[in-house]
>>> print(open('my_file_13.cif').read())   # mmCIF, C-alpha atoms
data_coords
#
loop_
_atom_site.label_atom_id
_atom_site.label_comp_id
_atom_site.auth_asym_id
_atom_site.auth_seq_id
_atom_site.Cartn_x
_atom_site.Cartn_y
_atom_site.Cartn_z
CA MET A 298 57.16 210.73 102.28
CA LEU A 299 56.52 208.76 105.48
CA THR A 300 53.58 209.89 107.64
CA VAL A 301 53.65 209.89 111.45
CA ALA A 302 50.12 210.27 112.86
CA ILE A 303 49.25 211.64 116.30
CA VAL A 304 45.99 210.04 117.48
CA GLY A 305 43.97 209.95 120.69
CA LYS A 306 40.63 210.98 122.15
CA PRO A 307 39.65 214.68 122.21
CA ASN A 308 41.48 217.20 124.39
CA VAL A 309 44.49 215.13 125.49
CA GLY A 310 47.09 217.50 123.98
CA LYS A 311 47.55 216.21 120.42
CA SER A 312 47.84 219.67 118.85
CA SER A 313 50.24 220.82 121.60
CA LEU A 314 52.40 217.73 120.97
CA PHE A 315 52.26 218.40 117.21
CA ASN A 316 53.53 221.96 117.79
CA ARG A 317 56.29 220.64 120.08
CA ILE A 318 57.53 218.12 117.55
CA ILE A 319 57.55 220.51 114.58
CA LYS A 320 58.93 223.34 116.77
CA LYS A 321 56.40 225.94 115.70
CA ARG A 322 52.89 227.05 116.72
CA LYS A 323 51.03 225.84 113.67
CA ALA A 324 48.00 224.06 115.17
CA ILE A 325 45.43 225.97 117.22
CA VAL A 326 45.53 224.88 120.88
CA SER A 327 42.54 225.34 123.18
CA GLU A 328 41.05 223.73 126.27
CA GLU A 329 37.81 223.35 124.33
CA PRO A 330 37.40 219.75 123.04
CA GLY A 331 37.09 219.23 119.29
CA VAL A 332 39.08 222.26 118.16
CA THR A 333 41.05 220.29 115.55
CA ARG A 334 38.85 219.08 112.68
CA ASP A 335 41.04 218.73 109.60
CA ILE A 336 44.26 216.74 109.44
CA ASN A 337 47.16 219.15 109.94
CA TYR A 338 50.47 218.13 108.30
CA GLU A 339 54.00 219.50 108.64
CA ALA A 340 57.16 218.21 106.95
CA ILE A 341 60.22 217.79 109.19
CA CYS A 342 63.40 215.71 109.28
CA VAL A 343 64.13 213.13 112.01
CA ASP A 344 67.50 211.35 111.96
CA GLY A 345 67.94 212.21 108.27
CA ILE A 346 64.50 210.85 107.34
CA GLY A 347 61.90 213.17 105.80
CA ILE A 348 58.48 212.68 107.40
CA ARG A 349 55.10 214.36 107.58
CA VAL A 350 53.78 214.72 111.11
CA ALA A 351 49.96 214.66 111.16
CA ASP A 352 47.78 216.18 113.88
CA SER A 353 44.32 214.60 113.86
CA ALA A 354 40.91 215.33 115.33
CA GLY A 355 40.10 213.49 118.55
CA ILE A 356 38.69 210.00 118.00
CA SER A 357 35.31 209.72 119.70
CA LYS A 358 31.81 208.33 119.18
CA SER A 359 30.05 211.66 118.73
CA GLY A 360 27.09 211.36 116.38
CA GLU A 361 27.30 214.90 114.97
CA GLU A 362 27.81 215.05 111.20
CA ILE A 363 30.99 217.12 111.40
CA HIS A 364 32.52 214.65 113.90
CA LEU A 365 31.56 211.67 111.73
CA LEU A 366 33.35 213.30 108.78
CA GLY A 367 36.38 213.87 110.99
CA GLN A 368 36.43 210.26 112.18
CA ARG A 369 36.37 209.05 108.59
CA MET A 370 39.46 211.14 107.87
CA ASN A 371 41.10 209.76 111.05
CA HIS A 372 40.62 206.15 109.96
CA ARG A 373 42.08 206.99 106.56
CA LEU A 374 45.04 208.66 108.29
CA ILE A 375 45.75 205.55 110.38
CA ASN A 376 45.79 203.46 107.20
CA GLU A 377 48.15 205.99 105.58
CA ALA A 378 50.55 206.29 108.54
CA CYS A 379 53.77 204.33 108.85
CA LEU A 380 54.05 205.17 112.57
CA ILE A 381 51.37 206.09 115.12
CA LEU A 382 51.85 208.25 118.20
CA PHE A 383 49.02 207.22 120.54
CA LEU A 384 48.48 209.97 123.11
CA CYS A 385 46.53 209.50 126.36
CA GLU A 386 46.18 211.84 129.33
CA ILE A 387 46.95 210.85 132.92
CA ASP A 388 43.92 210.46 135.25
CA THR A 389 41.47 210.34 132.30
CA LEU A 390 41.48 206.63 131.33
CA SER A 391 38.16 205.91 129.57
CA ARG A 392 36.35 203.58 127.19
CA GLU A 393 37.55 205.72 124.27
CA ASP A 394 41.19 204.91 125.11
CA PHE A 395 40.40 201.17 124.97
CA ASP A 396 38.62 201.60 121.61
CA ILE A 397 41.59 203.49 120.11
CA ALA A 398 44.02 200.86 121.48
CA ASP A 399 41.97 198.17 119.67
CA LEU A 400 42.03 200.25 116.49
CA ILE A 401 45.84 200.50 116.64
CA ARG A 402 46.25 196.78 117.32
CA LYS A 403 44.01 195.89 114.38
CA SER A 404 45.94 198.27 112.09
CA GLY A 405 49.17 196.33 112.73
CA LYS A 406 51.09 199.62 112.47
CA PRO A 407 54.18 200.41 114.60
CA TYR A 408 53.32 202.80 117.40
CA ILE A 409 54.71 204.79 120.32
CA TRP A 410 52.39 205.04 123.31
CA LEU A 411 52.45 208.31 125.27
CA ILE A 412 50.81 209.41 128.52
CA ASN A 413 50.58 213.21 128.71
CA LYS A 414 50.56 215.60 131.69
CA VAL A 415 52.77 213.40 133.87
CA ASP A 416 54.47 216.50 135.23
CA SER A 417 55.13 215.33 138.83
CA GLU A 418 55.91 212.19 140.83
CA LYS A 419 52.41 212.34 142.32
CA LYS A 420 50.93 212.00 138.82
CA MET A 421 52.72 208.65 138.42
CA ASN A 422 50.14 207.11 140.78
CA GLY A 423 47.66 206.87 137.91
CA PHE A 424 50.26 205.89 135.32
CA TYR A 425 50.01 202.13 135.83
CA ASP A 426 46.21 202.07 135.36
CA PHE A 427 46.87 202.47 131.63
CA PHE A 428 48.56 199.08 131.41
CA ASP A 429 45.02 197.62 131.23
CA LEU A 430 44.99 198.76 127.59
CA GLY A 431 47.31 195.85 126.84
CA LEU A 432 49.87 197.78 124.78
CA ASP A 433 53.65 198.03 125.14
CA SER A 434 55.05 200.20 127.93
CA PRO A 435 54.03 203.85 127.53
CA LEU A 436 56.35 206.83 127.74
CA PRO A 437 55.29 209.41 130.38
CA ILE A 438 55.57 212.93 128.99
CA SER A 439 54.52 216.50 129.70
CA VAL A 440 53.99 218.43 126.49
CA HIS A 441 53.54 221.68 128.40
CA GLN A 442 56.86 221.31 130.27
CA GLY A 443 58.69 219.55 127.43
CA LYS A 444 59.36 216.51 129.64
CA ASN A 445 60.67 213.48 127.68
CA ILE A 446 60.07 215.14 124.28
CA ASP A 447 63.73 214.54 123.35
CA GLU A 448 63.29 210.89 124.32
CA LEU A 449 60.19 210.72 122.12
CA ILE A 450 62.11 212.14 119.12
CA CYS A 451 64.87 209.58 119.77
CA ARG A 452 62.34 206.72 119.80
CA MET A 453 60.72 208.08 116.64
CA GLY A 454 64.13 208.07 114.91
CA LYS A 455 64.79 204.44 115.85
CA LYS A 456 61.32 203.33 114.73
CA LEU A 457 61.64 205.23 111.44
CA GLN A 458 65.06 203.69 110.73
CA GLN A 459 63.52 200.23 111.23
CA ILE A 460 60.59 201.11 108.96
CA CYS A 461 62.92 202.42 106.23
CA LEU A 462 65.02 199.25 106.47
CA HIS A 463 61.99 196.97 106.36
CA GLU A 464 60.17 198.86 103.61
CA GLN A 465 63.40 199.59 101.68
CA PHE A 466 62.83 203.34 101.76
CA GLU A 467 65.75 205.67 101.15
CA PRO A 468 66.35 208.22 103.95
CA ILE A 469 65.61 211.72 102.71
CA GLY A 470 67.77 214.72 103.52
CA GLU A 471 66.34 217.79 105.21
CA ASN A 472 66.83 219.95 102.12
CA GLU A 473 64.43 217.70 100.23
CA VAL A 474 61.80 218.00 102.94
CA ARG A 475 61.62 221.77 102.60
CA PRO A 476 61.89 222.71 98.92
CA THR A 477 63.24 226.20 98.29
CA ASP A 478 63.54 226.31 94.50
CA SER A 479 62.12 229.25 92.56
CA SER A 480 59.27 227.15 91.15
CA HIS A 481 57.72 226.71 94.59
CA ILE A 482 54.51 228.78 94.82
CA GLY A 483 52.70 229.52 98.08
CA ILE A 484 48.95 230.04 97.53
CA ALA A 485 46.48 231.07 100.25
CA ILE A 486 42.81 230.23 99.59
CA VAL A 487 40.82 232.94 101.38
CA GLY A 488 37.27 234.23 101.58
CA ARG A 489 34.19 234.52 103.73
CA PRO A 490 32.95 231.48 105.68
CA ASN A 491 31.15 228.83 103.65
CA VAL A 492 31.95 230.03 100.11
CA GLY A 493 33.69 226.78 99.07
CA LYS A 494 37.34 227.19 100.09
CA SER A 495 37.73 223.64 101.41
CA SER A 496 35.84 222.22 98.43
CA LEU A 497 38.23 224.03 96.10
CA LEU A 498 41.30 222.70 97.93
CA ASN A 499 39.95 219.15 97.68
CA LEU A 500 39.31 219.67 93.96
CA LEU A 501 42.78 221.08 93.25
CA VAL A 502 44.70 218.39 95.14
CA ASN A 503 42.31 215.65 93.98
CA ASN A 504 41.87 214.40 97.54
CA GLU A 505 39.47 214.83 100.48
CA ARG A 506 42.04 216.95 102.29
CA SER A 507 39.72 219.39 104.11
CA LEU A 508 36.42 218.76 105.81
CA VAL A 509 33.47 220.09 103.81
CA SER A 510 30.26 220.87 105.65
CA PRO A 511 27.35 223.32 105.21
CA THR A 512 28.18 224.57 108.73
CA PRO A 513 30.05 227.90 108.54
CA GLY A 514 33.38 227.88 110.39
CA THR A 515 34.17 224.21 109.77
CA THR A 516 37.82 225.00 108.96
CA ARG A 517 39.77 226.40 111.91
CA ASP A 518 43.43 225.59 111.35
CA ALA A 519 45.15 226.65 108.14
CA VAL A 520 45.34 223.35 106.21
CA ASP A 521 48.01 223.00 103.53
CA GLU A 522 48.71 220.55 100.71
CA THR A 523 51.29 220.54 97.91
CA ILE A 524 50.85 219.40 94.30
CA ARG A 525 52.98 219.59 91.14
CA PHE A 526 51.56 221.11 87.96
CA GLU A 527 53.46 221.85 84.74
CA GLY A 528 56.81 221.76 86.55
CA TYR A 529 55.74 224.02 89.41
CA GLU A 530 55.30 222.97 93.03
CA MET A 531 52.16 224.59 94.43
CA LYS A 532 51.52 224.71 98.16
CA PHE A 533 47.85 225.50 98.78
CA ILE A 534 46.71 226.73 102.19
CA ASP A 535 43.00 226.38 102.98
CA THR A 536 42.22 229.05 105.59
CA ALA A 537 39.36 229.66 107.98
CA GLY A 538 36.66 231.99 106.65
CA ILE A 539 37.40 235.63 107.44
CA ARG A 540 34.52 237.03 109.50
CA LYS A 541 33.82 240.62 110.43
CA ARG A 542 35.90 241.45 113.50
CA SER A 543 32.72 242.65 115.25
CA ARG A 544 31.36 239.08 114.99
CA ILE A 545 34.43 237.44 116.52
CA ARG A 546 33.35 236.57 120.05
CA GLU A 547 35.38 233.41 120.74
CA ASN A 548 39.12 232.86 121.11
CA LEU A 549 38.95 230.13 118.45
CA ASP A 550 37.62 232.56 115.85
CA PHE A 551 40.33 235.05 116.78
CA TYR A 552 43.11 232.44 116.51
CA SER A 553 41.71 231.30 113.15
CA LEU A 554 41.69 234.90 111.89
CA VAL A 555 45.30 235.43 113.00
CA ARG A 556 46.41 232.28 111.16
CA THR A 557 44.50 233.30 108.04
CA GLU A 558 46.14 236.72 108.02
CA LYS A 559 49.51 235.02 108.55
CA ALA A 560 48.82 232.71 105.59
CA VAL A 561 48.13 235.77 103.41
CA ARG A 562 51.39 237.44 104.51
CA GLU A 563 53.47 234.33 103.85
CA SER A 564 51.94 233.47 100.47
CA THR A 565 52.87 234.71 97.02
CA ILE A 566 49.36 234.51 95.57
CA CYS A 567 45.94 234.69 97.21
CA VAL A 568 42.95 233.00 95.60
CA LEU A 569 39.95 234.94 96.88
CA ILE A 570 36.80 232.82 96.69
CA ILE A 571 33.51 234.67 96.25
CA ASP A 572 30.01 233.27 95.83
CA ALA A 573 28.92 233.95 92.25
CA THR A 574 25.27 233.41 93.20
CA THR A 575 25.18 236.16 95.84
CA GLY A 576 27.56 238.68 94.31
CA ILE A 577 30.07 240.97 96.02
CA THR A 578 29.74 241.72 99.72
CA MET A 579 31.42 244.32 101.92
CA GLN A 580 33.41 241.54 103.58
CA ASP A 581 34.74 240.41 100.17
CA LYS A 582 35.97 243.97 99.60
CA LYS A 583 37.71 244.04 102.99
CA ILE A 584 39.48 240.76 102.25
CA ALA A 585 40.59 242.09 98.85
CA SER A 586 41.86 245.19 100.64
CA LEU A 587 43.91 243.00 102.99
CA ILE A 588 45.47 241.17 100.02
CA ARG A 589 46.27 244.49 98.32
CA LYS A 590 47.74 245.88 101.55
CA GLU A 591 50.06 242.85 101.80
CA LYS A 592 50.98 243.36 98.11
CA LYS A 593 50.16 239.81 97.02
CA GLY A 594 49.18 238.44 93.66
CA MET A 595 45.39 238.04 93.50
CA ILE A 596 43.06 235.72 91.66
CA ILE A 597 39.32 236.05 92.28
CA ALA A 598 37.58 232.70 91.85
CA ALA A 599 33.83 233.16 91.43
CA ASN A 600 32.58 229.83 92.81
CA LYS A 601 29.22 228.12 92.10
CA TRP A 602 29.33 229.29 88.49
CA ASP A 603 27.40 226.16 87.51
CA ILE A 604 24.42 227.57 89.45
CA SER A 605 24.90 231.06 88.01
CA GLN A 606 24.87 229.66 84.47
CA GLN A 607 21.41 228.26 85.15
CA ARG A 608 20.35 231.87 85.75
CA THR A 609 21.79 232.87 82.35
CA VAL A 610 24.40 235.19 83.87
CA ASP A 611 26.70 236.64 81.20
CA GLN A 612 30.34 235.92 82.11
CA LYS A 613 31.87 239.07 80.57
CA GLU A 614 29.22 241.28 82.15
CA PHE A 615 29.72 239.57 85.53
CA ILE A 616 33.50 240.16 85.44
CA GLN A 617 33.11 243.80 84.38
CA ASN A 618 30.57 244.45 87.16
CA LEU A 619 32.98 242.84 89.61
CA TYR A 620 35.79 245.22 88.58
CA ASP A 621 33.40 248.17 88.87
CA LEU A 622 32.39 247.18 92.42
CA PHE A 623 35.85 246.06 93.58
CA PRO A 624 38.15 249.10 93.90
CA HIS A 625 40.88 247.05 95.62
CA ALA A 626 40.84 244.31 92.99
CA GLN A 627 41.26 246.18 89.71
CA TYR A 628 44.47 244.27 89.03
CA ALA A 629 43.08 240.83 89.96
CA CYS A 630 42.62 237.97 87.54
CA VAL A 631 38.94 236.84 87.65
CA ILE A 632 37.99 233.23 86.89
CA PRO A 633 34.49 231.74 87.19
CA ILE A 634 34.79 228.23 88.72
CA SER A 635 32.77 225.42 90.20
CA ALA A 636 34.43 223.50 93.03
CA LYS A 637 31.58 220.99 92.72
CA THR A 638 31.85 220.14 89.01
CA GLY A 639 35.52 221.03 88.45
CA TYR A 640 34.68 223.75 85.92
CA ASN A 641 37.80 225.81 85.05
CA LYS A 642 40.09 223.85 87.39
CA ILE A 643 42.92 223.69 84.84
CA LYS A 644 42.38 227.33 83.85
CA LEU A 645 42.77 228.33 87.52
CA LEU A 646 46.01 226.36 87.88
CA LYS A 647 47.42 227.84 84.65
CA ASN A 648 46.56 231.35 85.81
CA ILE A 649 48.28 230.75 89.14
CA ILE A 650 51.48 230.11 87.15
CA LYS A 651 50.83 233.17 84.99
CA VAL A 652 50.32 235.45 88.01
CA TYR A 653 53.39 233.95 89.72
CA ASN A 654 55.57 234.71 86.69
CA ASN A 655 54.10 238.22 86.39
CA TYR A 656 54.83 238.77 90.10
CA HIS A 657 58.53 238.04 89.51
CA MET A 658 58.80 239.75 86.10
CA ASN A 659 61.53 242.34 85.47
CA ILE A 660 61.14 245.01 82.78
CA LYS A 661 64.22 246.24 80.93
CA THR A 662 65.09 249.82 81.83
CA SER A 663 65.39 250.70 78.14
CA ASP A 664 61.89 249.37 77.40
CA LEU A 665 60.43 251.26 80.37
CA ASN A 666 62.02 254.56 79.35
CA THR A 667 60.93 254.13 75.74
CA LEU A 668 57.37 253.85 77.06
CA MET A 669 57.80 256.94 79.24
CA ARG A 670 59.12 259.03 76.34
CA SER A 671 56.01 258.20 74.32
CA PHE A 672 53.78 260.10 76.77
CA LYS A 673 52.59 263.58 76.01
CA LEU A 674 52.14 265.05 79.48
CA ARG A 675 51.08 268.58 80.32
CA GLY A 676 53.46 270.19 82.78
CA ALA A 677 55.14 266.94 83.86
CA HIS A 678 58.44 265.65 82.65
CA ILE A 679 59.62 262.08 83.39
CA LYS A 680 63.38 262.20 83.14
CA TYR A 681 64.19 258.62 84.00
CA GLY A 682 62.62 255.43 85.38
CA TYR A 683 63.59 251.90 86.28
CA GLN A 684 62.19 248.81 88.00
CA LYS A 685 63.49 248.92 91.55
CA SER A 686 62.38 245.41 92.55
CA SER A 687 60.07 242.51 91.73
CA ALA A 688 57.82 240.23 93.82
CA PRO A 689 55.94 242.56 93.97
CA PRO A 690 57.08 244.90 91.16
CA VAL A 691 58.10 248.40 92.27
CA PHE A 692 59.05 251.16 89.82
CA GLU A 693 60.91 254.36 90.62
CA PHE A 694 60.69 257.50 88.46
CA PHE A 695 62.54 260.81 88.56
CA VAL A 696 60.20 263.59 87.46
CA GLY A 697 60.10 267.36 87.22
CA HIS A 698 57.37 269.98 87.40
CA ILE A 699 54.85 267.86 89.33
CA ASP A 700 53.93 267.00 92.91
CA THR A 701 55.44 263.56 93.64
CA TYR A 702 52.41 262.78 95.82
CA ASP A 703 49.94 263.31 92.97
CA ARG A 704 47.78 260.15 93.12
CA ASN A 705 46.21 260.69 89.72
CA PHE A 706 49.63 260.94 88.10
CA LYS A 707 50.76 257.72 89.81
CA LYS A 708 47.58 256.00 88.68
CA PHE A 709 48.21 257.17 85.13
CA ILE A 710 51.74 255.70 85.20
CA ILE A 711 50.56 252.39 86.67
CA ASN A 712 47.82 252.03 84.05
CA ALA A 713 50.33 252.79 81.29
CA ILE A 714 52.69 250.09 82.55
CA ARG A 715 49.83 247.59 82.73
CA LYS A 716 48.76 248.35 79.15
CA SER A 717 52.29 247.84 77.82
CA PHE A 718 53.43 244.90 79.96
CA ASP A 719 51.42 241.94 81.28
CA PHE A 720 51.08 242.40 85.03
CA THR A 721 47.72 240.64 85.29
CA GLY A 722 46.96 239.62 88.87
CA VAL A 723 49.85 241.62 90.34
CA PRO A 724 49.87 244.87 92.38
CA ILE A 725 52.24 247.57 91.10
CA ASP A 726 53.82 250.27 93.27
CA VAL A 727 55.32 253.46 91.89
CA ILE A 728 57.77 255.75 93.69
CA MET A 729 58.05 259.32 92.37
CA ARG A 730 61.12 261.46 93.05
CA LYS A 731 61.68 265.09 92.03
CA ASN A 732 64.66 265.76 89.84
#
>>> encode(input="my_file_13.cif", output="structure tokens")
Amino acid sequence: MLTVAIVGKPNVGKSSLFNRIIKKRKAIVSEEPGVTRDINYEAICVDGIGIRVADSAGISKSGEEIHLLGQRMNHRLINEACLILFLCEIDTLSREDFDIADLIRKSGKPYIWLINKVDSEKKMNGFYDFFDLGLDSPLPISVHQGKNIDELICRMGKKLQQICLHEQFEPIGENEVRPTDSSHIGIAIVGRPNVGKSSLLNLLVNNERSLVSPTPGTTRDAVDETIRFEGYEMKFIDTAGIRKRSRIRENLDFYSLVRTEKAVRESTICVLIIDATTGITMQDKKIASLIRKEKKGMIIAANKWDISQQRTVDQKEFIQNLYDLFPHAQYACVIPISAKTGYNKIKLLKNIIKVYNNYHMNIKTSDLNTLMRSFKLRGAHIKYGYQKSSAPPVFEFFVGHIDTYDRNFKKFIINAIRKSFDFTGVPIDVIMRKN
């Protein structure tokens, strides 16, 4: 798929433009410079051509490690892109704009030059200063007001048609940009800050897709990437670390939390990363509770297992202790992993497929009622039961001589279903009705 990259110095409106083009609020937007760190992609269709629009971190000469990592990803993005949207901001012409213009010229890539925040005739006074950059005529826009965005999309379409013709690409229909087949799995990678979520994403997609740094809170936007494995299309979403709400003091942290919670709601399966070297924390339990509340499939990936093995930690004992300490994760599939060495990578991917299939599994009514008739229950009589829905599985039973709100009875039924049918990694709900 063709990539269209949005580049420019920090805080000129790249993320706002990205959101405008894709017509959704995916990227976090803030007046604080340097909010975007990872490359944010979204698949859309322009003039019948499937493209990935990429929002990048601002290109600057900051010497901080995290910015250097971001700049490396930016240079790789420019090499990957078939079309560059170079965004400047009116009244802020600087040395950085000249450096980026040189970078674009040297790349030899087609580009569209944009000057943002030209929202009045008065602003046009500074427009012509940008001609010193020596590029083709820029398009004045206002991302906030939506000025000339339709013209930008039109120019993108024309450029993309030329690129397809020159490179002999086949235009791709919109249905192929957004796959909707049943083998498409949405997976949210969640956990506390700095437990290895971005490292795991990079391992699974076999690419340096997310920035990895010892600094907690490196990931802010929800970064996604899609791979194919054993006939399934897996869309992984690397989310910001979920902090305690009492520690959220900045708008950026709040926006990141909102996007992480949204990623959980919109996924089918959540891979909860915990640190195997430090054990279970209260925050891990709260995240597991969120996943259970949203009724999602759950896999607990105990990261840094390579370090734990050096401490002679017994795997079976570790998993059993985890179940004992994790009341909200009794149904979860637990897999020790190492995002650093790749330990159990394939096992994790295979279990994602297993949990996905369990999540959509339907049990025959006859098999379910055969199981129910095998119970010897004191005082309770299950007259009939059936699976009401799947994804997640919900069962409805008609019973007599028992309080339908009896939690212990519901727990007994759920455990019986789990023992007879493989619902590993999947939450089960039971509805009891008196008959």
>>> residues_around(input="my_file_13.cif", residues="Leu619 in chain A", least_positions_apart="3", cutoff="10 Å", atoms="all atoms listed in the file", output="VMD selection string")
chain A and resid 576 to 577 597 599 613 to 616 622 to 624 626 to 627 631
>>> resolve_selection(input="my_file_13.cif", expression="the PyMOL selection byres ((chain A and resi 701-716) around 8)", output="JSON, numbers by chain")
{"A": [696, 699, 700, 717, 718, 719, 720, 721, 725, 726, 727, 729, 730, 731]}
>>> resolve_selection(input="my_file_13.cif", expression="the PyMOL selection byres ((chain A and resi 569-574) around 9)", output="VMD selection string")
chain A and resid 485 to 489 492 to 494 497 567 to 568 575 to 578 581 584 to 585 588 595 to 602 604 to 605 615 633 to 634
>>> write_last_selection(input="my_file_13.cif", atoms="C-alpha atoms", output="mmCIF file, keeping the file's coordinate frame")
data_model
loop_
_atom_site.group_PDB
_atom_site.id
_atom_site.type_symbol
_atom_site.label_atom_id
_atom_site.label_comp_id
_atom_site.auth_asym_id
_atom_site.auth_seq_id
_atom_site.Cartn_x
_atom_site.Cartn_y
_atom_site.Cartn_z
ATOM 1 C CA ALA A 485 46.480 231.070 100.250
ATOM 2 C CA ILE A 486 42.810 230.230 99.590
ATOM 3 C CA VAL A 487 40.820 232.940 101.380
ATOM 4 C CA GLY A 488 37.270 234.230 101.580
ATOM 5 C CA ARG A 489 34.190 234.520 103.730
ATOM 6 C CA VAL A 492 31.950 230.030 100.110
ATOM 7 C CA GLY A 493 33.690 226.780 99.070
ATOM 8 C CA LYS A 494 37.340 227.190 100.090
ATOM 9 C CA LEU A 497 38.230 224.030 96.100
ATOM 10 C CA CYS A 567 45.940 234.690 97.210
ATOM 11 C CA VAL A 568 42.950 233.000 95.600
ATOM 12 C CA THR A 575 25.180 236.160 95.840
ATOM 13 C CA GLY A 576 27.560 238.680 94.310
ATOM 14 C CA ILE A 577 30.070 240.970 96.020
ATOM 15 C CA THR A 578 29.740 241.720 99.720
ATOM 16 C CA ASP A 581 34.740 240.410 100.170
ATOM 17 C CA ILE A 584 39.480 240.760 102.250
ATOM 18 C CA ALA A 585 40.590 242.090 98.850
ATOM 19 C CA ILE A 588 45.470 241.170 100.020
ATOM 20 C CA MET A 595 45.390 238.040 93.500
ATOM 21 C CA ILE A 596 43.060 235.720 91.660
ATOM 22 C CA ILE A 597 39.320 236.050 92.280
ATOM 23 C CA ALA A 598 37.580 232.700 91.850
ATOM 24 C CA ALA A 599 33.830 233.160 91.430
ATOM 25 C CA ASN A 600 32.580 229.830 92.810
ATOM 26 C CA LYS A 601 29.220 228.120 92.100
ATOM 27 C CA TRP A 602 29.330 229.290 88.490
ATOM 28 C CA ILE A 604 24.420 227.570 89.450
ATOM 29 C CA SER A 605 24.900 231.060 88.010
ATOM 30 C CA PHE A 615 29.720 239.570 85.530
ATOM 31 C CA PRO A 633 34.490 231.740 87.190
ATOM 32 C CA ILE A 634 34.790 228.230 88.720
#
>>> residues_around(input="my_file_13.cif", residues="Val350 in chain A", least_positions_apart="2", cutoff="10 Å", atoms="only C-alpha atoms", output="list of chain:residue names")
A:Leu299, A:Thr300, A:Val301, A:Ala302, A:Ile303, A:Phe315, A:Asn316, A:Ile318, A:Ile319, A:Ile336, A:Asn337, A:Tyr338, A:Glu339, A:Ala340, A:Ile341, A:Cys342, A:Gly347, A:Ile348, A:Asp352, A:Ser353, A:Ala378, A:Leu380, A:Ile381, A:Leu382
>>> resolve_selection(input="my_file_13.cif", expression="the PyMOL selection byres ((chain A and resi 523) around 12)", output="CSV table (one decimal) with C-alpha atoms, in the coordinates of the input")
chain,number,residue,atom,x,y,z
A,338,TYR,CA,50.5,218.1,108.3
A,339,GLU,CA,54.0,219.5,108.6
A,340,ALA,CA,57.2,218.2,107.0
A,474,VAL,CA,61.8,218.0,102.9
A,475,ARG,CA,61.6,221.8,102.6
A,476,PRO,CA,61.9,222.7,98.9
A,481,HIS,CA,57.7,226.7,94.6
A,482,ILE,CA,54.5,228.8,94.8
A,483,GLY,CA,52.7,229.5,98.1
A,484,ILE,CA,49.0,230.0,97.5
A,485,ALA,CA,46.5,231.1,100.2
A,498,LEU,CA,41.3,222.7,97.9
A,499,ASN,CA,40.0,219.2,97.7
A,501,LEU,CA,42.8,221.1,93.2
A,502,VAL,CA,44.7,218.4,95.1
A,503,ASN,CA,42.3,215.6,94.0
A,504,ASN,CA,41.9,214.4,97.5
A,506,ARG,CA,42.0,217.0,102.3
A,520,VAL,CA,45.3,223.4,106.2
A,521,ASP,CA,48.0,223.0,103.5
A,522,GLU,CA,48.7,220.6,100.7
A,524,ILE,CA,50.8,219.4,94.3
A,525,ARG,CA,53.0,219.6,91.1
A,526,PHE,CA,51.6,221.1,88.0
A,529,TYR,CA,55.7,224.0,89.4
A,530,GLU,CA,55.3,223.0,93.0
A,531,MET,CA,52.2,224.6,94.4
A,532,LYS,CA,51.5,224.7,98.2
A,533,PHE,CA,47.8,225.5,98.8
A,534,ILE,CA,46.7,226.7,102.2
A,535,ASP,CA,43.0,226.4,103.0
>>> closest_residue(input="my_file_13.cif", among="A:Lys320, A:Lys455, A:Lys651, A:Lys306", to="Gly345 in chain A", atoms="all atoms listed in the file")
A:Lys455
>>> closest_atom_pairs(input="my_file_13.cif", of="range 334-404 of chain A", to="range 423-430 of chain A", cutoff="12 Å", atoms="all atoms listed in the file", output="JSON lines")
{"residue": "A:Phe383", "atom": "CA", "partner": "A:Leu430", "partner_atom": "CA", "distance": 11.7}
{"residue": "A:Leu384", "atom": "CA", "partner": "A:Phe427", "partner_atom": "CA", "distance": 11.5}
{"residue": "A:Cys385", "atom": "CA", "partner": "A:Phe427", "partner_atom": "CA", "distance": 8.8}
{"residue": "A:Glu386", "atom": "CA", "partner": "A:Phe424", "partner_atom": "CA", "distance": 9.4}
{"residue": "A:Ile387", "atom": "CA", "partner": "A:Gly423", "partner_atom": "CA", "distance": 6.4}
{"residue": "A:Asp388", "atom": "CA", "partner": "A:Gly423", "partner_atom": "CA", "distance": 5.8}
{"residue": "A:Thr389", "atom": "CA", "partner": "A:Gly423", "partner_atom": "CA", "distance": 9.0}
{"residue": "A:Leu390", "atom": "CA", "partner": "A:Phe427", "partner_atom": "CA", "distance": 6.8}
{"residue": "A:Ser391", "atom": "CA", "partner": "A:Phe427", "partner_atom": "CA", "distance": 9.6}
{"residue": "A:Arg392", "atom": "CA", "partner": "A:Leu430", "partner_atom": "CA", "distance": 9.9}
{"residue": "A:Glu393", "atom": "CA", "partner": "A:Leu430", "partner_atom": "CA", "distance": 10.7}
{"residue": "A:Asp394", "atom": "CA", "partner": "A:Leu430", "partner_atom": "CA", "distance": 7.6}
{"residue": "A:Phe395", "atom": "CA", "partner": "A:Leu430", "partner_atom": "CA", "distance": 5.8}
{"residue": "A:Asp396", "atom": "CA", "partner": "A:Leu430", "partner_atom": "CA", "distance": 9.2}
{"residue": "A:Ile397", "atom": "CA", "partner": "A:Leu430", "partner_atom": "CA", "distance": 9.5}
{"residue": "A:Ala398", "atom": "CA", "partner": "A:Leu430", "partner_atom": "CA", "distance": 6.5}
{"residue": "A:Asp399", "atom": "CA", "partner": "A:Leu430", "partner_atom": "CA", "distance": 8.5}
{"residue": "A:Leu400", "atom": "CA", "partner": "A:Leu430", "partner_atom": "CA", "distance": 11.6}
{"residue": "A:Ile401", "atom": "CA", "partner": "A:Leu430", "partner_atom": "CA", "distance": 11.1}
{"residue": "A:Arg402", "atom": "CA", "partner": "A:Leu430", "partner_atom": "CA", "distance": 10.5}
